[in-house]
>>> print(open('query.cif').read())   # mmCIF, C-alpha atoms
data_upload
#
loop_
_atom_site.label_atom_id
_atom_site.label_comp_id
_atom_site.auth_asym_id
_atom_site.auth_seq_id
_atom_site.Cartn_x
_atom_site.Cartn_y
_atom_site.Cartn_z
CA MET H 1460 121.55 60.82 127.23
CA LYS H 1461 122.41 57.39 125.92
CA ASN H 1462 123.82 56.38 129.30
CA ILE H 1463 120.44 57.12 130.87
CA LEU H 1464 118.72 54.85 128.36
CA PHE H 1465 121.35 52.20 128.95
CA LEU H 1466 120.81 52.36 132.72
CA SER H 1467 117.16 51.63 132.06
CA ILE H 1468 118.08 48.65 129.89
CA LEU H 1469 120.53 47.50 132.55
CA LEU H 1470 117.93 47.69 135.33
CA ILE H 1471 115.41 45.77 133.23
CA ALA H 1472 118.00 43.15 132.25
CA ALA H 1473 119.19 42.71 135.83
CA THR H 1474 115.71 42.29 137.22
CA ASN H 1475 114.47 40.11 134.39
CA ALA H 1476 117.52 37.88 134.77
CA TRP H 1477 116.67 37.45 138.44
CA SER H 1478 112.96 36.88 137.90
CA GLN H 1479 113.47 34.32 135.15
CA THR H 1480 116.18 32.28 136.84
CA ASN H 1481 115.57 32.88 140.55
CA VAL H 1482 119.22 32.13 141.26
CA THR H 1483 121.93 34.31 142.70
CA SER H 1484 124.85 33.06 140.66
CA GLN H 1485 126.80 35.53 138.60
CA THR H 1486 127.26 35.29 134.87
CA ASN H 1487 130.52 35.89 133.03
CA ALA H 1488 128.87 36.21 129.63
CA VAL H 1489 129.61 39.24 127.47
CA ALA H 1490 126.76 41.25 125.99
CA PRO H 1491 126.69 41.82 122.24
CA THR H 1492 127.42 45.38 121.14
CA ASP H 1493 125.89 45.55 117.65
CA ALA H 1494 122.84 47.69 116.86
CA LYS H 1495 120.48 44.70 116.93
CA SER H 1496 121.48 43.91 120.52
CA LYS H 1497 119.97 47.16 121.85
CA THR H 1498 116.55 45.52 122.08
CA GLU H 1499 117.85 42.20 123.39
CA LYS H 1500 118.64 41.39 126.99
CA LYS H 1501 122.17 42.14 128.15
CA ASP H 1502 124.18 39.60 130.13
CA ILE H 1503 125.50 41.23 133.27
CA ASP H 1504 127.49 40.64 136.42
CA ILE H 1505 126.16 41.88 139.76
CA ARG H 1506 128.49 41.76 142.74
CA SER H 1507 128.02 42.99 146.28
CA GLN H 1508 129.11 42.16 149.79
CA HIS H 1509 125.54 41.16 150.73
CA PHE H 1510 122.10 40.57 149.25
CA TYR H 1511 118.66 39.36 150.25
CA PHE H 1512 115.37 38.50 148.53
CA THR H 1513 111.95 38.67 150.16
CA GLU H 1514 108.70 37.17 148.84
CA GLU H 1515 106.42 39.69 150.56
CA PRO H 1516 107.01 42.24 149.24
CA ARG H 1517 108.84 40.73 146.27
CA GLN H 1518 112.10 42.61 146.57
CA LEU H 1519 115.74 41.96 145.78
CA VAL H 1520 118.35 44.09 147.59
CA TYR H 1521 122.10 44.15 146.99
CA TYR H 1522 124.15 46.23 149.42
CA ASP H 1523 127.71 47.21 150.37
CA HIS H 1524 130.00 47.84 147.41
CA VAL H 1525 127.56 46.97 144.62
CA VAL H 1526 129.17 46.67 141.19
CA ILE H 1527 127.10 45.97 138.07
CA THR H 1528 128.93 45.44 134.78
CA ASN H 1529 128.50 44.29 131.23
CA SER H 1530 130.47 44.91 128.04
CA GLN H 1531 129.41 48.58 127.81
CA LEU H 1532 128.74 49.70 131.36
CA ARG H 1533 130.04 49.78 134.91
CA LEU H 1534 127.63 50.94 137.62
CA THR H 1535 128.68 51.21 141.25
CA CYS H 1536 126.65 52.21 144.29
CA GLU H 1537 126.19 51.16 147.91
CA ARG H 1538 122.63 49.80 147.61
CA PHE H 1539 120.66 48.45 144.65
CA THR H 1540 116.99 47.59 145.29
CA VAL H 1541 114.57 46.04 142.79
CA ASN H 1542 110.84 45.67 143.47
CA PHE H 1543 108.64 43.20 141.59
CA PRO H 1544 104.85 42.94 141.27
CA ALA H 1545 102.90 40.33 143.23
CA GLN H 1546 103.54 36.65 142.45
CA GLY H 1547 101.69 35.54 139.33
CA ALA H 1548 101.78 38.99 137.75
CA ASP H 1549 104.11 40.10 134.99
CA ASN H 1550 107.71 39.66 136.18
CA HIS H 1551 108.74 43.09 134.90
CA PRO H 1552 110.09 45.07 137.86
CA THR H 1553 107.93 47.91 139.12
CA ASN H 1554 110.98 49.95 140.09
CA GLY H 1555 114.69 49.86 140.78
CA ILE H 1556 116.71 52.15 143.01
CA ALA H 1557 120.48 52.58 142.92
CA GLU H 1558 121.60 54.76 145.79
CA THR H 1559 124.53 56.26 147.64
CA ASN H 1560 127.52 57.26 145.52
CA LEU H 1561 125.94 56.17 142.23
CA ASP H 1562 128.65 56.17 139.56
CA ILE H 1563 127.95 55.03 136.00
CA VAL H 1564 130.51 54.78 133.20
CA PHE H 1565 128.97 53.88 129.84
CA VAL H 1566 130.52 53.49 126.39
CA ASP H 1567 127.96 54.21 123.65
CA GLU H 1568 127.67 52.52 120.24
CA LYS H 1569 130.16 55.03 118.75
CA GLY H 1570 132.80 54.31 121.41
CA ARG H 1571 132.23 57.57 123.30
CA THR H 1572 132.45 57.45 127.08
CA ASN H 1573 129.78 59.00 129.31
CA HIS H 1574 130.23 59.25 133.05
CA THR H 1575 127.25 60.04 135.30
CA VAL H 1576 127.39 60.52 139.06
CA SER H 1577 124.55 61.19 141.51
CA ASP H 1578 123.31 60.23 144.94
CA LYS H 1579 120.37 58.19 143.62
CA GLY H 1580 118.94 56.75 140.40
CA ILE H 1581 115.29 55.61 140.35
CA TYR H 1582 113.65 53.50 137.63
CA ASP H 1583 109.81 53.40 137.66
CA TYR H 1584 107.67 51.20 135.43
CA GLY H 1585 103.94 50.68 135.20
CA VAL H 1586 101.04 50.00 132.87
CA ASN H 1587 97.80 51.89 133.52
CA ASN H 1588 94.78 51.54 131.21
CA GLY H 1589 96.99 50.04 128.51
CA GLN H 1590 99.46 52.95 128.74
CA THR H 1591 103.06 52.01 129.57
CA ASN H 1592 104.99 54.48 131.72
CA GLU H 1593 108.74 54.11 132.14
CA MET H 1594 110.80 56.83 133.83
CA LEU H 1595 114.35 57.29 135.13
CA THR H 1596 115.05 60.01 137.70
CA PHE H 1597 118.48 60.96 139.02
CA THR H 1598 118.78 63.11 142.16
CA GLY H 1599 121.50 64.47 144.42
CA HIS H 1600 124.46 66.24 142.82
CA VAL H 1601 123.69 64.86 139.34
CA THR H 1602 126.50 65.45 136.84
CA ASN H 1603 127.10 63.86 133.45
CA TYR H 1604 130.60 64.09 131.95
CA THR H 1605 131.60 63.50 128.31
CA ALA H 1606 134.80 64.11 126.37
CA ASN H 1607 133.42 67.49 125.24
CA GLY H 1608 131.97 68.79 128.50
CA TRP H 1609 129.59 68.25 131.38
CA MET H 1610 126.05 69.04 132.50
CA THR H 1611 124.16 69.12 135.77
CA ALA H 1612 120.46 69.21 136.67
CA GLU H 1613 118.51 68.54 139.86
CA PRO H 1614 116.65 66.30 139.33
CA LEU H 1615 117.44 64.92 135.89
CA ARG H 1616 114.50 62.96 134.42
CA TYR H 1617 114.34 60.68 131.38
CA ASP H 1618 111.04 59.40 129.98
CA VAL H 1619 112.08 56.13 128.35
CA ILE H 1620 108.92 55.87 126.24
CA SER H 1621 108.99 59.37 124.72
CA GLY H 1622 112.77 59.90 124.89
CA ARG H 1623 112.21 63.24 126.62
CA ILE H 1624 114.91 64.47 128.99
CA SER H 1625 114.08 67.19 131.49
CA GLY H 1626 115.60 68.71 134.58
CA ASP H 1627 115.61 71.69 136.84
CA GLY H 1628 118.51 74.07 137.44
CA GLU H 1629 120.37 72.79 134.38
CA GLU H 1630 123.91 73.98 133.71
CA MET H 1631 126.07 72.82 130.81
CA HIS H 1632 129.69 73.40 129.83
CA PHE H 1633 130.73 72.39 126.32
CA THR H 1634 134.09 72.65 124.55
CA VAL H 1635 133.88 72.93 120.77
CA PRO H 1636 136.11 70.26 119.20
CA ALA H 1637 139.26 71.71 117.59
CA GLY H 1638 139.76 71.54 113.85
CA ASN H 1639 136.23 72.31 112.72
CA GLY H 1640 136.97 75.89 111.65
CA THR H 1641 135.61 77.45 114.83
CA ASN H 1642 137.19 78.85 117.93
CA SER H 1643 137.88 75.94 120.28
CA SER H 1644 137.40 77.94 123.44
CA PRO H 1645 134.77 76.70 125.89
CA PHE H 1646 131.39 78.31 126.27
CA LYS H 1647 128.75 77.85 128.95
CA PHE H 1648 124.98 77.34 128.94
CA GLY H 1649 122.53 77.37 131.81
CA SER H 1650 121.54 79.42 134.78
#
>>> encode(input="query.cif", output="structure tokens")
Amino acid sequence: MKNILFLSILLIAATNAWSQTNVTSQTNAVAPTDAKSKTEKKDIDIRSQHFYFTEEPRQLVYYDHVVITNSQLRLTCERFTVNFPAQGADNHPTNGIAETNLDIVFVDEKGRTNHTVSDKGIYDYGVNNGQTNEMLTFTGHVTNYTANGWMTAEPLRYDVISGRISGDGEEMHFTVPAGNGTNSSPFKFGS
């Protein structure tokens, strides 16, 4: 779950970094990892074989072997597209799409590793009548792995504002950690 939130933060940071600097150079800065840093922008590296930016529509596209990293995350895919509102509007991206062989490895604040794979990750953002909507949707063979198990859903949705996670066709496998006085054999949830 935390890796989904972090992907959202990553997409916002990546697009805000572009919109504020309008340069294509890469940064080698390291993002802070303390609790306070969760609400601050993360410094990131974005690498790809190719990229382009268009003014109409305002869109930034990285493609061919895209790798996005910071101190807690490594995201790889074949195409990463970010759309921005019209010039003069808020620079917050309207959406971001990471597609084809999306692979995210994220280390949370407790040092636990999460690994999510899917065909596509979509970030949507908008403000309507003063109401902010921010949603992440993963589709295509979505699986999240942790040290204690894995889960799948198609699609897997995360409402960033409410913190609600939902999905269809969910299946989960969890192994109870040994040494807690319970049987450590795996058990399975889902359909």
>>> residues_around(input="query.cif", residues="H:Asn1573", least_positions_apart="2", cutoff="6 Å", atoms="only C-alpha atoms", output="PDB file with C-alpha atoms, in the coordinates of the input")
ATOM      1  CA  VAL H1564     130.510  54.780 133.200  1.00  0.00           C
ATOM      2  CA  PHE H1565     128.970  53.880 129.840  1.00  0.00           C
ATOM      3  CA  TYR H1604     130.600  64.090 131.950  1.00  0.00           C
ATOM      4  CA  THR H1605     131.600  63.500 128.310  1.00  0.00           C
TER       5      THR H1605
END
>>> closest_residue(input="query.cif", among="H:Asp1549, H:Glu1537, H:Asp1578, H:Asp1583", to="H:Tyr1521", atoms="only C-alpha atoms")
H:Glu1537
>>> resolve_selection(input="query.cif", expression="the PyMOL selection byres ((chain H and resi 1571) around 12)", output="PyMOL selection string")
chain H and resi 1460-1462+1531-1532+1564-1570+1572-1574+1604-1607
>>> resolve_selection(input="query.cif", expression="the PyMOL selection byres ((chain H and resi 1610) around 6)", output="JSON, numbers by chain")
{"H": [1602, 1603, 1609, 1611, 1630, 1631]}
>>> resolve_selection(input="query.cif", expression="the PyMOL selection byres ((chain H and resi 1597) around 7)", output="PyMOL selection string")
chain H and resi 1577+1579-1581+1595-1596+1598+1601+1614-1616
>>> residues_near_point(input="query.cif", point="(105.6, 34.6, 143.1)", cutoff="8 Å", atoms="all atoms listed in the file", output="number ranges by chain")
H: 1514, 1517, 1545-1548
>>> write_last_selection(input="query.cif", atoms="C-alpha atoms", output="PDB file, in the coordinates of the input")
ATOM      1  CA  GLU H1514     108.700  37.170 148.840  1.00  0.00           C
ATOM      2  CA  ARG H1517     108.840  40.730 146.270  1.00  0.00           C
ATOM      3  CA  ALA H1545     102.900  40.330 143.230  1.00  0.00           C
ATOM      4  CA  GLN H1546     103.540  36.650 142.450  1.00  0.00           C
ATOM      5  CA  GLY H1547     101.690  35.540 139.330  1.00  0.00           C
ATOM      6  CA  ALA H1548     101.780  38.990 137.750  1.00  0.00           C
TER       7      ALA H1548
END
>>> residues_near_point(input="query.cif", point="(108.8, 49.3, 147.7)", cutoff="8 Å", atoms="all atoms listed in the file", output="list in words")
Pro1516, Gln1518, Asn1542 and Asn1554 of chain H
>>> write_last_selection(input="query.cif", atoms="C-alpha atoms", output="short mmCIF file (atom, residue, chain, number, x, y, z; two decimals), in the frame of the given file")
data_model
loop_
_atom_site.label_atom_id
_atom_site.label_comp_id
_atom_site.auth_asym_id
_atom_site.auth_seq_id
_atom_site.Cartn_x
_atom_site.Cartn_y
_atom_site.Cartn_z
CA PRO H 1516 107.01 42.24 149.24
CA GLN H 1518 112.10 42.61 146.57
CA ASN H 1542 110.84 45.67 143.47
CA ASN H 1554 110.98 49.95 140.09
#
>>> atom_distance(input="query.cif", atom1="atom CA of H:Gly1589", atom2="atom CA of H:Pro1552")
16.8 Å
>>> atom_distance(input="query.cif", atom1="atom CA of H:Val1576", atom2="atom CA of H:His1600")
7.4 Å
>>> residues_around(input="query.cif", residues="H:Val1586", least_positions_apart="4", cutoff="12 Å", atoms="only C-alpha atoms", output="PyMOL selection string")
chain H and resi 1544+1549+1551-1553+1590-1594+1620
>>> closest_residue(input="query.cif", among="H:Ile1624, H:Val1520, H:Ala1557, H:Ala1612", to="H:Thr1535", atoms="only C-alpha atoms")
H:Ala1557
>>> atom_distance(input="query.cif", atom1="atom CA of H:Tyr1617", atom2="atom CA of H:Arg1506")
26.2 Å
>>> residues_around(input="query.cif", residues="H:His1524", least_positions_apart="2", cutoff="10 Å", atoms="only C-alpha atoms", output="ChimeraX atom specification")
/H:1506-1509,1521-1522,1526-1527,1535-1539,1560
>>> write_last_selection(input="query.cif", atoms="C-alpha atoms", output="PDB file, in the coordinates of the input")
ATOM      1  CA  ARG H1506     128.490  41.760 142.740  1.00  0.00           C
ATOM      2  CA  SER H1507     128.020  42.990 146.280  1.00  0.00           C
ATOM      3  CA  GLN H1508     129.110  42.160 149.790  1.00  0.00           C
ATOM      4  CA  HIS H1509     125.540  41.160 150.730  1.00  0.00           C
ATOM      5  CA  TYR H1521     122.100  44.150 146.990  1.00  0.00           C
ATOM      6  CA  TYR H1522     124.150  46.230 149.420  1.00  0.00           C
ATOM      7  CA  VAL H1526     129.170  46.670 141.190  1.00  0.00           C
ATOM      8  CA  ILE H1527     127.100  45.970 138.070  1.00  0.00           C
ATOM      9  CA  THR H1535     128.680  51.210 141.250  1.00  0.00           C
ATOM     10  CA  CYS H1536     126.650  52.210 144.290  1.00  0.00           C
ATOM     11  CA  GLU H1537     126.190  51.160 147.910  1.00  0.00           C
ATOM     12  CA  ARG H1538     122.630  49.800 147.610  1.00  0.00           C
ATOM     13  CA  PHE H1539     120.660  48.450 144.650  1.00  0.00           C
ATOM     14  CA  ASN H1560     127.520  57.260 145.520  1.00  0.00           C
TER      15      ASN H1560
END
>>> closest_residue(input="query.cif", among="H:Phe1510, H:Ile1503, H:Asp1627, H:Phe1543", to="H:Thr1528", atoms="all atoms listed in the file")
H:Ile1503
